[in-house]
Amino acid sequence: MAAPRIVFAAAEISPLAKTGGLGDVVGSLPTALQPYCHTITVALPFHEEIPRQQLKQLKCLDRFELVVNHKPITVTVWQARTIHSTVPLLLFKQDTYLSRGKVYDGLSVLNPLTGKLATKDSLGQRLKYLFFSYALHAYLRRHPRAFTIVHGHDFHVAPALALVHTDPALQHMRTVITIHNLRYTGSLLPHYWKLFQPSLIPLFDLTEAKRLYGPRMLWLGLRWADAITTVSPQYAKEILTPQYGGDFAALLQQRRQNLFGIINGIDTAQFNPATDPNVRHHFSWRTIQRRADNKLLLQRECGLPVDPTIPLVGMVARLTVQKGFHLVINAMKQLSALPIQLVICGTGRTEFMRGLHTAMQRYPKQWYFHDAFDTVFSQHVYAGSDIFLMPSRHEPCGLAQLIAMRYGSVPVVRSTGGLKDTVTEGDNGFLFNRYASTTMLAGVQRAVKVYQTQPKQWQQLMRHGMTADYTWKASAKLYSDLYKRVLRSAN
Ligand code: GLC
């Protein structure tokens with residue numbers, strides 16, 4: 001069988017345009033897939049925020065018209081290489097709907113119904129990505145032999161997969177969708193679908209089409225893609241239940257023969273404590289004694305008492321419900337009663353920001369909250385904390401616990417999704433089951449006790465974390481097997 005020709009399609013790519021783990025995966029997995037593919041390319045909107053100086057050999061490949069609300073709209077498609085990797089990009093440019101502003105800047109997107117900019121961020125985002133799907137499908141039709149598999153990520157590109165799968169002109173092409181987060185589904189009222197892509201409407205089933213806020217983009221991918229993957233085996237099991245799969249559990253149950261869980265890797269060249277430019281005292285397992293200085297620097301940076309013996313608990317996360325901030329804020333008093341310091345980096349929901357600011361005011365010697373998405377400070381936390389807390393309510397994979405382990409911070413995590421697949425109690429970290437402040441506290445206490453009373457055991461935990469294989473190698477092979485499988489299957 002000929003090696004596959006793959007196009008990834010996604011909203012984000014690290015480091016050009018990234019807001020979270022999706023960007024990391026799209027930025028690093030294609031490189032690991034290169035040995036298995038004839039070609040692999042990443043298609044994404046030509047976001048204004050993409051720094052042009054990081055692109056090389058930029059050239060316009062194609063130009064065509066789409067119709068939106070009876071008006072012709074010109075799209076240009078650019079090919080580029082980046083200074084970061086050998087994977088080529090396909091960048092889709094169109095100013096009013098697609099490429100203005102940042103990755104999820106919905107407010108800079110034109111609403112074709114009103115002829116003005118969208119007044120709701122979420123609406124603008126959905127319009128932007130529906131347009132991207134529309135443009136991607138049109139491009140593939142114009143170049144039907146360029147790729148054999150379209151591999152889309154999350155709801156943003158799900159409509160493109162349905163369009164490709166049901167297009168008689170593209171019968172030879174296969175489609176794969178990866179779910180990074182089932183909570184973002186992209187609902188859009190029917191009149192918008194009609195303006196952009198009326199042929200998608202019949203692809204919904206009745207119950208989906210009748211939804212209050214309109215049919216959801218993600219549904220199209222889950223229903224029509226040849227294969228569905230998600231980013232850990234455990235999450236693949238969980239989303240078959242209503243608790244985790246929500247409205248999609250029934251559809252996923254029907255499609256379970258085509259649902260696969262493949263764990264994420266990380267870019268181990270980028271996330272390497274021995275070379276990371278944002279780590280102030282480089283270290284590896286062999287030079288672990290150098291790590292301690294990073295903790296002292298972090299304590300000083302945060303205005304906390306500088307003391308190597310106090311266990312320092314770190315968190316780096318978006319401040320969302322998913323990441324378990326209800327538990328952290330509810331347990332503020334009890335956490336503060338432990339002999340620990342907490343350093344948290346992230347931004348998001350106002351109520352969580354407020355809660356963490358309150359904690360910092362009330363317990364200034366113990367809490368420090370850095371309210372920003374800050375890739376430099378994050379690395380200080382990974383390299384300087386002793387314990388890394390991730391009390392997620394659900395976690396498709398989670399990359400932070402992998403980075404933390406590689407940097408010698410021992411994770412305390414809720415036993416769910418990819419956290420369950422990557423952390424083992426007593427071997428490389430600590431787990432708790434029930435989603436509650438009390439169980440989370442018990443987990444932190446267990447870790448603190450080992451840290452304070454069993455230094456040898458603690459060293460073991462760190463060593464197991466730091467020396468494990470977090471590369472994409474094994475998972476890239478699994479994706480490649482899956483590609484072979486979908487290429488063999490009939491449409
Ligand atoms: C999303 C998920 C996270 C996963 C990441 C990359 O951000 O919430 O669990 O690790 O995508 O797949």
# chains A, B, ... in the order shown; residues from 1 in each chain; ligands from 1
call {"tool": "closest_atom_pairs", "arguments": {"of": "chain A", "to": "ligand 1", "cutoff": "9 Å", "atoms": "only C-alpha atoms and all ligand atoms", "output": "JSON lines"}}
result
{"residue": "A:Thr19", "atom": "CA", "partner": "ligand 1", "partner_atom_place_in_ligand_line": "7 (O)", "distance": 8.9}
{"residue": "A:Gly20", "atom": "CA", "partner": "ligand 1", "partner_atom_place_in_ligand_line": "7 (O)", "distance": 5.6}
{"residue": "A:Gly21", "atom": "CA", "partner": "ligand 1", "partner_atom_place_in_ligand_line": "5 (C)", "distance": 3.9}
{"residue": "A:Leu22", "atom": "CA", "partner": "ligand 1", "partner_atom_place_in_ligand_line": "6 (C)", "distance": 4.4}
{"residue": "A:Gly23", "atom": "CA", "partner": "ligand 1", "partner_atom_place_in_ligand_line": "6 (C)", "distance": 7.5}
{"residue": "A:Asp24", "atom": "CA", "partner": "ligand 1", "partner_atom_place_in_ligand_line": "6 (C)", "distance": 6.9}
{"residue": "A:Val25", "atom": "CA", "partner": "ligand 1", "partner_atom_place_in_ligand_line": "6 (C)", "distance": 5.9}
{"residue": "A:Val26", "atom": "CA", "partner": "ligand 1", "partner_atom_place_in_ligand_line": "6 (C)", "distance": 8.7}
{"residue": "A:Asp154", "atom": "CA", "partner": "ligand 1", "partner_atom_place_in_ligand_line": "11 (O)", "distance": 8.9}
{"residue": "A:Thr178", "atom": "CA", "partner": "ligand 1", "partner_atom_place_in_ligand_line": "12 (O)", "distance": 8.5}
{"residue": "A:Ile179", "atom": "CA", "partner": "ligand 1", "partner_atom_place_in_ligand_line": "12 (O)", "distance": 7.6}
{"residue": "A:His180", "atom": "CA", "partner": "ligand 1", "partner_atom_place_in_ligand_line": "11 (O)", "distance": 4.1}
{"residue": "A:Asn181", "atom": "CA", "partner": "ligand 1", "partner_atom_place_in_ligand_line": "2 (C)", "distance": 5.2}
{"residue": "A:Leu182", "atom": "CA", "partner": "ligand 1", "partner_atom_place_in_ligand_line": "8 (O)", "distance": 8.6}
{"residue": "A:Arg183", "atom": "CA", "partner": "ligand 1", "partner_atom_place_in_ligand_line": "8 (O)", "distance": 8.9}
{"residue": "A:Thr230", "atom": "CA", "partner": "ligand 1", "partner_atom_place_in_ligand_line": "12 (O)", "distance": 7.8}
{"residue": "A:Val231", "atom": "CA", "partner": "ligand 1", "partner_atom_place_in_ligand_line": "12 (O)", "distance": 5.4}
{"residue": "A:Ser232", "atom": "CA", "partner": "ligand 1", "partner_atom_place_in_ligand_line": "12 (O)", "distance": 8.5}
{"residue": "A:Ile263", "atom": "CA", "partner": "ligand 1", "partner_atom_place_in_ligand_line": "12 (O)", "distance": 8.5}
{"residue": "A:Asn264", "atom": "CA", "partner": "ligand 1", "partner_atom_place_in_ligand_line": "12 (O)", "distance": 6.4}
{"residue": "A:Gln322", "atom": "CA", "partner": "ligand 1", "partner_atom_place_in_ligand_line": "8 (O)", "distance": 7.8}
{"residue": "A:Lys323", "atom": "CA", "partner": "ligand 1", "partner_atom_place_in_ligand_line": "8 (O)", "distance": 8.4}
{"residue": "A:His394", "atom": "CA", "partner": "ligand 1", "partner_atom_place_in_ligand_line": "9 (O)", "distance": 7.8}
{"residue": "A:Glu395", "atom": "CA", "partner": "ligand 1", "partner_atom_place_in_ligand_line": "9 (O)", "distance": 4.4}
{"residue": "A:Pro396", "atom": "CA", "partner": "ligand 1", "partner_atom_place_in_ligand_line": "9 (O)", "distance": 3.9}
{"residue": "A:Cys397", "atom": "CA", "partner": "ligand 1", "partner_atom_place_in_ligand_line": "9 (O)", "distance": 3.8}
{"residue": "A:Gly398", "atom": "CA", "partner": "ligand 1", "partner_atom_place_in_ligand_line": "10 (O)", "distance": 3.4}
{"residue": "A:Leu399", "atom": "CA", "partner": "ligand 1", "partner_atom_place_in_ligand_line": "10 (O)", "distance": 4.8}
{"residue": "A:Ala400", "atom": "CA", "partner": "ligand 1", "partner_atom_place_in_ligand_line": "10 (O)", "distance": 7.8}
{"residue": "A:Gly417", "atom": "CA", "partner": "ligand 1", "partner_atom_place_in_ligand_line": "9 (O)", "distance": 7.9}
{"residue": "A:Gly418", "atom": "CA", "partner": "ligand 1", "partner_atom_place_in_ligand_line": "9 (O)", "distance": 7.0}
{"residue": "A:Leu419", "atom": "CA", "partner": "ligand 1", "partner_atom_place_in_ligand_line": "9 (O)", "distance": 8.5}
call {"tool": "select_by_dssp", "arguments": {"residues": "stretch 15-210 of chain A", "states": "helix (DSSP H, G or I)", "output": "ChimeraX atom specification"}}
result
/A:21-36,52-54,95-99,106-108,121-142,155-165,168-170,190-196,198-203,206-209
call {"tool": "closest_residue", "arguments": {"among": "A:Gln53, A:Phe432, A:Ala227, A:Ala9", "to": "A:Ala80", "atoms": "only C-alpha atoms"}}
result
A:Gln53
call {"tool": "closest_residue", "arguments": {"among": "A:Trp458, A:Tyr213, A:Phe260, A:Tyr36", "to": "A:Asn428", "atoms": "only C-alpha atoms"}}
result
A:Trp458
call {"tool": "residues_around", "arguments": {"residues": "stretch 158-168 of chain A", "least_positions_apart": "5", "cutoff": "9 Å", "atoms": "only C-alpha atoms", "output": "number ranges by chain"}}
result
A: 129-130, 132-137, 140-141, 150-153, 173-177, 199-200, 203, 217-226, 491
call {"tool": "atom_distance", "arguments": {"atom1": "atom CA of A:Glu49", "atom2": "atom CA of A:Leu110"}}
result
17.7 Å
call {"tool": "atom_distance", "arguments": {"atom1": "atom CA of A:Lys56", "atom2": "atom CA of A:Cys37"}}
result
22.3 Å
call {"tool": "residues_around", "arguments": {"residues": "stretch 467-479 of chain A", "least_positions_apart": "2", "cutoff": "9 Å", "atoms": "only C-alpha atoms", "output": "list in words"}}
result
Ser28, Leu29, Pro30, Ala32, Leu33, Tyr36, Ile262, Ile263, Asn264, Gly265, Ile266, Asp267, Thr268, Trp285, Leu402, Ile403, Met405, Arg406, Met462, Arg463, His464, Gly465, Asp481, Leu482, Tyr483 and Lys484 of chain A
call {"tool": "residues_around", "arguments": {"residues": "stretch 300-312 of chain A", "least_positions_apart": "3", "cutoff": "9 Å", "atoms": "only C-alpha atoms", "output": "PyMOL selection string"}}
result
chain A and resi 292-293+295-297+339-343+364-370+384-388+448+451-452
call {"tool": "closest_residue", "arguments": {"among": "A:Met315, A:Met353, A:Ala331, A:Ile201", "to": "A:Met390", "atoms": "only C-alpha atoms"}}
result
A:Met315
call {"tool": "residues_around", "arguments": {"residues": "A:Arg286", "least_positions_apart": "4", "cutoff": "12 Å", "atoms": "only C-alpha atoms", "output": "list in words"}}
result
Pro273, Ala274, His282, Arg290, Arg291, Gly408, Gln459, Met462, Arg463, Met466 and Thr467 of chain A
call {"tool": "select_by_dssp", "arguments": {"residues": "stretch 15-115 of chain A", "states": "strand (DSSP E)", "output": "ChimeraX atom specification"}}
result
/A:39-45,55-68,71-82,89-93,110-111
call {"tool": "residues_around", "arguments": {"residues": "A:Val109", "least_positions_apart": "3", "cutoff": "10 Å", "atoms": "only C-alpha atoms", "output": "PyMOL selection string"}}
result
chain A and resi 95-101+104-106+112+116-121+123-128
call {"tool": "atom_distance", "arguments": {"atom1": "atom CA of A:Leu195", "atom2": "atom CA of A:Ala250"}}
result
29.6 Å
call {"tool": "closest_residue", "arguments": {"among": "A:Leu188, A:Val68, A:Ile149, A:Val423", "to": "A:Phe131", "atoms": "only C-alpha atoms"}}
result
A:Val68
call {"tool": "closest_residue", "arguments": {"among": "A:Tyr382, A:Val313, A:Ala236, A:Glu351", "to": "A:His326", "atoms": "only C-alpha atoms"}}
result
A:Glu351
call {"tool": "closest_residue", "arguments": {"among": "A:Gln457, A:Thr76, A:Asn69, A:Ser108", "to": "A:Gln197", "atoms": "only C-alpha atoms"}}
result
A:Asn69
